[in-house]
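start30.cif follows (mmCIF, C-alpha atoms):
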data_model
loop_
_atom_site.group_PDB
_atom_site.id
_atom_site.type_symbol
_atom_site.label_atom_id
_atom_site.label_comp_id
_atom_site.auth_asym_id
_atom_site.auth_seq_id
_atom_site.Cartn_x
_atom_site.Cartn_y
_atom_site.Cartn_z
ATOM 1 C CA MET A 1 15.694 -5.938 -20.869
ATOM 2 C CA GLU A 2 13.267 -5.435 -23.674
ATOM 3 C CA THR A 3 11.195 -2.268 -23.970
ATOM 4 C CA LYS A 4 8.005 -4.252 -23.316
ATOM 5 C CA ASN A 5 9.337 -5.387 -19.906
ATOM 6 C CA ILE A 6 9.929 -1.870 -18.590
ATOM 7 C CA ARG A 7 7.365 -1.448 -15.844
ATOM 8 C CA PHE A 8 7.244 2.333 -15.641
ATOM 9 C CA LYS A 9 6.700 2.535 -19.419
ATOM 10 C CA GLU A 10 3.881 -0.035 -19.223
ATOM 11 C CA PHE A 11 2.348 1.969 -16.389
ATOM 12 C CA LEU A 12 2.552 5.258 -18.289
ATOM 13 C CA ASP A 13 1.034 3.637 -21.389
ATOM 14 C CA SER A 14 -1.782 1.835 -19.576
ATOM 15 C CA ASN A 15 -2.777 4.969 -17.646
ATOM 16 C CA GLU A 16 -2.336 7.227 -20.702
ATOM 17 C CA LEU A 17 0.165 9.452 -18.893
ATOM 18 C CA GLU A 18 2.725 11.576 -20.692
ATOM 19 C CA GLU A 19 6.345 11.671 -19.566
ATOM 20 C CA LYS A 20 6.406 15.457 -20.053
ATOM 21 C CA ASP A 21 3.653 15.880 -17.412
ATOM 22 C CA LEU A 22 5.826 14.338 -14.682
ATOM 23 C CA PRO A 23 7.930 16.442 -12.279
ATOM 24 C CA LYS A 24 11.286 17.539 -13.711
ATOM 25 C CA PRO A 25 13.496 15.401 -11.386
ATOM 26 C CA LEU A 26 11.511 12.319 -12.369
ATOM 27 C CA VAL A 27 11.788 13.163 -16.084
ATOM 28 C CA GLU A 28 15.555 13.501 -15.641
ATOM 29 C CA LYS A 29 15.698 10.094 -13.925
ATOM 30 C CA ILE A 30 13.772 8.591 -16.866
ATOM 31 C CA HIS A 31 16.229 10.153 -19.335
ATOM 32 C CA ILE A 32 19.126 8.628 -17.372
ATOM 33 C CA PHE A 33 17.343 5.261 -17.514
ATOM 34 C CA TRP A 34 17.055 5.453 -21.319
ATOM 35 C CA LYS A 35 20.719 6.494 -21.690
ATOM 36 C CA LEU A 36 21.763 3.470 -19.631
ATOM 37 C CA HIS A 37 19.340 1.282 -21.591
ATOM 38 C CA LYS A 38 21.062 2.299 -24.870
ATOM 39 C CA LEU A 39 24.384 1.104 -23.432
ATOM 40 C CA LEU A 40 23.097 -2.488 -23.277
ATOM 41 C CA ASP A 41 23.921 -3.048 -26.962
ATOM 42 C CA THR A 42 27.468 -1.726 -26.665
ATOM 43 C CA ILE A 43 28.568 -3.210 -23.355
ATOM 44 C CA GLN A 44 30.512 -6.465 -22.852
ATOM 45 C CA ASP A 45 28.668 -9.489 -21.511
ATOM 46 C CA THR A 46 30.525 -9.415 -18.184
ATOM 47 C CA ASP A 47 29.260 -5.922 -17.347
ATOM 48 C CA ARG A 48 25.901 -6.417 -19.023
ATOM 49 C CA GLU A 49 24.386 -8.374 -16.110
ATOM 50 C CA ASP A 50 25.338 -5.629 -13.623
ATOM 51 C CA LEU A 51 23.809 -2.990 -15.876
ATOM 52 C CA LEU A 52 20.614 -5.037 -16.266
ATOM 53 C CA GLU A 53 20.327 -5.296 -12.488
ATOM 54 C CA GLN A 54 20.807 -1.532 -12.119
ATOM 55 C CA LEU A 55 18.233 -0.872 -14.839
ATOM 56 C CA GLU A 56 15.672 -3.126 -13.136
ATOM 57 C CA GLN A 57 16.199 -1.343 -9.828
ATOM 58 C CA LEU A 58 15.955 2.087 -11.486
ATOM 59 C CA ASP A 59 12.809 0.965 -13.338
ATOM 60 C CA TYR A 60 11.214 -0.070 -10.042
ATOM 61 C CA GLU A 61 12.213 3.232 -8.369
ATOM 62 C CA ILE A 62 10.770 5.267 -11.240
ATOM 63 C CA LEU A 63 7.544 3.260 -11.153
ATOM 64 C CA GLY A 64 7.250 3.835 -7.401
ATOM 65 C CA GLU A 65 7.764 7.574 -7.808
ATOM 66 C CA ILE A 66 5.200 7.779 -10.625
ATOM 67 C CA GLU A 67 2.648 5.856 -8.547
ATOM 68 C CA GLU A 68 3.354 8.124 -5.583
ATOM 69 C CA GLU A 69 2.917 11.223 -7.766
ATOM 70 C CA TYR A 70 -0.448 10.071 -9.101
ATOM 71 C CA GLU A 71 -1.705 7.968 -6.177
ATOM 72 C CA ASP A 72 -4.639 10.272 -5.425
ATOM 73 C CA GLN A 73 -5.713 10.299 -9.088
ATOM 74 C CA LEU A 74 -5.388 6.539 -9.570
ATOM 75 C CA GLU A 75 -7.448 3.742 -8.056
ATOM 76 C CA ASN A 76 -7.931 4.132 -4.325
ATOM 77 C CA ASN A 77 -6.793 0.970 -2.515
ATOM 78 C CA GLU A 78 -9.183 1.433 0.449
ATOM 79 C CA ARG A 79 -12.133 1.710 -1.947
ATOM 80 C CA LEU A 80 -11.002 -1.473 -3.688
ATOM 81 C CA GLU A 81 -10.818 -3.328 -0.380
ATOM 82 C CA GLU A 82 -14.391 -2.250 0.409
ATOM 83 C CA LEU A 83 -15.526 -3.562 -2.984
ATOM 84 C CA ILE A 84 -13.867 -6.918 -2.422
ATOM 85 C CA ASN A 85 -15.471 -7.356 1.004
ATOM 86 C CA SER A 86 -18.953 -6.200 -0.036
ATOM 87 C CA PRO A 87 -21.578 -8.993 -0.298
ATOM 88 C CA VAL A 88 -23.582 -7.172 -3.008
ATOM 89 C CA VAL A 89 -20.743 -7.003 -5.538
ATOM 90 C CA LYS A 90 -20.586 -9.725 -8.216
ATOM 91 C CA LYS A 91 -17.703 -12.209 -8.075
ATOM 92 C CA SER A 92 -16.337 -11.070 -11.449
ATOM 93 C CA LEU A 93 -16.066 -7.466 -10.225
ATOM 94 C CA LYS A 94 -14.444 -8.608 -6.994
ATOM 95 C CA GLN A 95 -11.836 -10.507 -9.012
ATOM 96 C CA LYS A 96 -11.066 -7.406 -11.117
ATOM 97 C CA ALA A 97 -10.719 -5.315 -7.962
ATOM 98 C CA LYS A 98 -8.352 -7.868 -6.430
ATOM 99 C CA THR A 99 -6.049 -7.734 -9.466
ATOM 100 C CA LYS A 100 -5.795 -3.933 -9.171
ATOM 101 C CA LEU A 101 -5.139 -3.977 -5.426
ATOM 102 C CA ARG A 102 -1.471 -3.576 -4.521
ATOM 103 C CA THR A 103 -0.937 -5.223 -1.146
ATOM 104 C CA ASP A 104 2.138 -5.516 1.040
ATOM 105 C CA GLU A 105 2.472 -9.138 -0.083
ATOM 106 C CA THR A 106 2.377 -8.201 -3.781
ATOM 107 C CA ILE A 107 5.048 -5.535 -3.216
ATOM 108 C CA LEU A 108 7.299 -8.110 -1.521
ATOM 109 C CA GLY A 109 6.504 -10.566 -4.326
ATOM 110 C CA GLU A 110 7.566 -8.006 -6.942
ATOM 111 C CA LEU A 111 10.838 -7.356 -5.108
ATOM 112 C CA SER A 112 11.420 -11.097 -4.788
ATOM 113 C CA SER A 113 10.752 -11.730 -8.488
ATOM 114 C CA MET A 114 13.217 -8.943 -9.346
ATOM 115 C CA GLY A 115 15.815 -10.655 -7.164
ATOM 116 C CA LYS A 116 15.991 -7.686 -4.778
ATOM 117 C CA ILE A 117 15.786 -9.641 -1.541
ATOM 118 C CA LYS A 118 18.931 -8.645 0.386
ATOM 119 C CA ASN A 119 19.716 -5.619 2.568
ATOM 120 C CA ILE A 120 16.491 -3.678 2.019
ATOM 121 C CA ARG A 121 15.954 -0.665 4.258
ATOM 122 C CA ARG A 122 12.669 -0.213 6.085
ATOM 123 C CA SER A 123 12.347 3.315 4.667
ATOM 124 C CA TYR A 124 12.632 1.870 1.135
ATOM 125 C CA LEU A 125 9.838 -0.629 1.841
ATOM 126 C CA LYS A 126 7.639 2.138 3.268
ATOM 127 C CA GLY A 127 8.440 4.244 0.204
ATOM 128 C CA LEU A 128 7.176 1.416 -2.015
ATOM 129 C CA GLY A 129 3.909 1.418 -0.110
ATOM 130 C CA VAL A 130 4.275 -1.344 2.473
ATOM 131 C CA LYS A 131 1.718 -0.484 5.161
ATOM 132 C CA ALA A 132 2.363 -3.286 7.677
ATOM 133 C CA LYS A 133 4.277 -2.535 10.839
ATOM 134 C CA ILE A 134 7.763 -3.767 10.053
ATOM 135 C CA LYS A 135 9.431 -5.216 13.101
ATOM 136 C CA HIS A 136 12.040 -7.876 13.744
ATOM 137 C CA ASP A 137 11.258 -10.879 11.494
ATOM 138 C CA ALA A 138 7.787 -9.730 10.374
ATOM 139 C CA VAL A 139 5.670 -12.216 8.384
ATOM 140 C CA ILE A 140 3.631 -10.723 5.538
ATOM 141 C CA GLY A 141 1.636 -13.299 3.611
ATOM 142 C CA GLN A 142 4.009 -15.859 2.158
ATOM 143 C CA TYR A 143 7.083 -13.708 2.890
ATOM 144 C CA GLN A 144 9.132 -12.990 5.971
ATOM 145 C CA LEU A 145 11.116 -9.806 6.470
ATOM 146 C CA LYS A 146 14.172 -10.984 8.387
ATOM 147 C CA ARG A 147 16.064 -8.213 10.174
ATOM 148 C CA MET A 148 19.742 -8.441 9.303
ATOM 149 C CA SER A 149 21.283 -5.732 11.477
ATOM 150 C CA MET A 150 21.135 -5.013 15.174
ATOM 151 C CA PHE A 151 21.467 -1.233 14.839
ATOM 152 C CA PHE A 152 19.854 -0.525 11.459
ATOM 153 C CA HIS A 153 16.469 -1.403 10.014
ATOM 154 C CA VAL A 154 17.792 -3.561 7.175
ATOM 155 C CA TYR A 155 15.891 -6.670 6.071
ATOM 156 C CA ASP A 156 16.124 -9.665 3.755
ATOM 157 C CA ILE A 157 12.993 -11.052 2.115
ATOM 158 C CA VAL A 158 12.579 -14.781 2.733
ATOM 159 C CA GLU A 159 9.860 -16.681 0.880
ATOM 160 C CA LEU A 160 8.092 -19.055 3.255
ATOM 161 C CA LYS A 161 7.472 -22.591 2.064
ATOM 162 C CA SER A 162 3.813 -23.376 1.422
ATOM 163 C CA LYS A 163 2.531 -26.388 3.327
#
Take the structure in the file and give it back as structure tokens.
Amino acid sequence: METKNIRFKEFLDSNELEEKDLPKPLVEKIHIFWKLHKLLDTIQDTDREDLLEQLEQLDYEILGEIEEEYEDQLENNERLEELINSPVVKKSLKQKAKTKLRTDETILGELSSMGKIKNIRRSYLKGLGVKAKIKHDAVIGQYQLKRMSMFFHVYDIVELKSK
């Protein structure tokens, strides 16, 4: 996991945010991330893959918490949706707005690309910003949330085949 692939760092850099301005618990989580990241060079190959997986998950959690902390100061998703649907806005601006919009489908796509597709709690998905009503085997875009437990709200992400 190279430094350039760390999502929360990219986010902080692109939004010109300082780590020191974040809440203390989040700063501590970031310090733990960097301590674990330093271990990558010293760890054996067999344990390295597990550590990489943990780092990716921690990176995603930190990014989610940072976005949650600054969500009212960052781009407003509802405003972006209005821009996209407006007939008076140029196509080029609509395209830019679409790339900034974080939809339920893009959240599921990010989880899928990270390989985090098994045993995901509904509360975790809501915490990441999924707005759709999550019920038994919900379809969101090109993904299906397949409920895996009868008594708990635990889901697997299944990518639907395009026709």
(message) I'd like the neighbourhood of stretch 150-163 of chain A as JSON, numbers by chain, where a residue qualifies if any of its atoms comes within 6 Å (using only C-alpha atoms), though same-chain residues fewer than 2 positions away should be ignored.
(response) {"A": [117, 118, 119, 120, 121, 122, 142, 143, 144, 145, 146, 147, 148]}
(request) State, in Å with one decimal place, the distance from atom CA of A:Phe8 to atom CA of A:Ala138. (result) 28.7 Å
(request) Using only C-alpha atoms, determine which residues lie at most 10 Å from A:Pro23, disregarding the query and same-chain residues fewer than 5 positions distant; provide the list as a VMD selection string. (result) chain A and resid 28 65 to 66 69
(message) What does the structure give for the distance between atom CA of A:Leu111 and atom CA of A:Leu128, in Å to one decimal?
(response) 10.0 Å
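If you look at atom CA of A:Lys38 and atom CA of A:Leu125, they are 29.1 Å away from each other.
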(message) Set the distance at 10 Å and use only C-alpha atoms: which residues neighbour A:Thr106 once local chain neighbours fewer than 4 positions away are removed? I'd like the list as a ChimeraX atom specification.
(response) /A:101-102,110-112,130,140-143
(request) Do a neighbour search on stretch 55-61 of chain A at 10 Å with all atoms listed in the file, toss out local chain neighbours closer than 5 positions, and write the hits as JSON, numbers by chain. (result) {"A": [1, 5, 6, 7, 8, 9, 26, 29, 30, 32, 33, 34, 36, 37, 40, 49, 50, 66, 67, 110, 111, 114, 115, 116, 124, 127, 128]}
Axis-aligned box over every listed atom of stretch 35-53 of chain A, padded by 8 Å per side: centre and edges in Å to one decimal, as AutoDock Vina command-line options?
--center_x 24.9 --center_y -1.5 --center_z -19.7 --size_x 27.2 --size_y 32.0 --size_z 30.5
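Shortest atom-to-atom contact with A:Ile107 among A:Lys20, A:His31, A:Arg48, A:Lys126: A:Lys126, counting all atoms listed in the file.
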(request) Kindly indicate which residue among A:Asp47, A:Tyr70, A:Ile62, A:Lys131 lies nearest to A:Asn15, using all atoms listed in the file for the distances. (result)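 Ranking A:Asp47, A:Tyr70, A:Ile62, A:Lys131 by distance to A:Asn15, first place goes to A:Tyr70.
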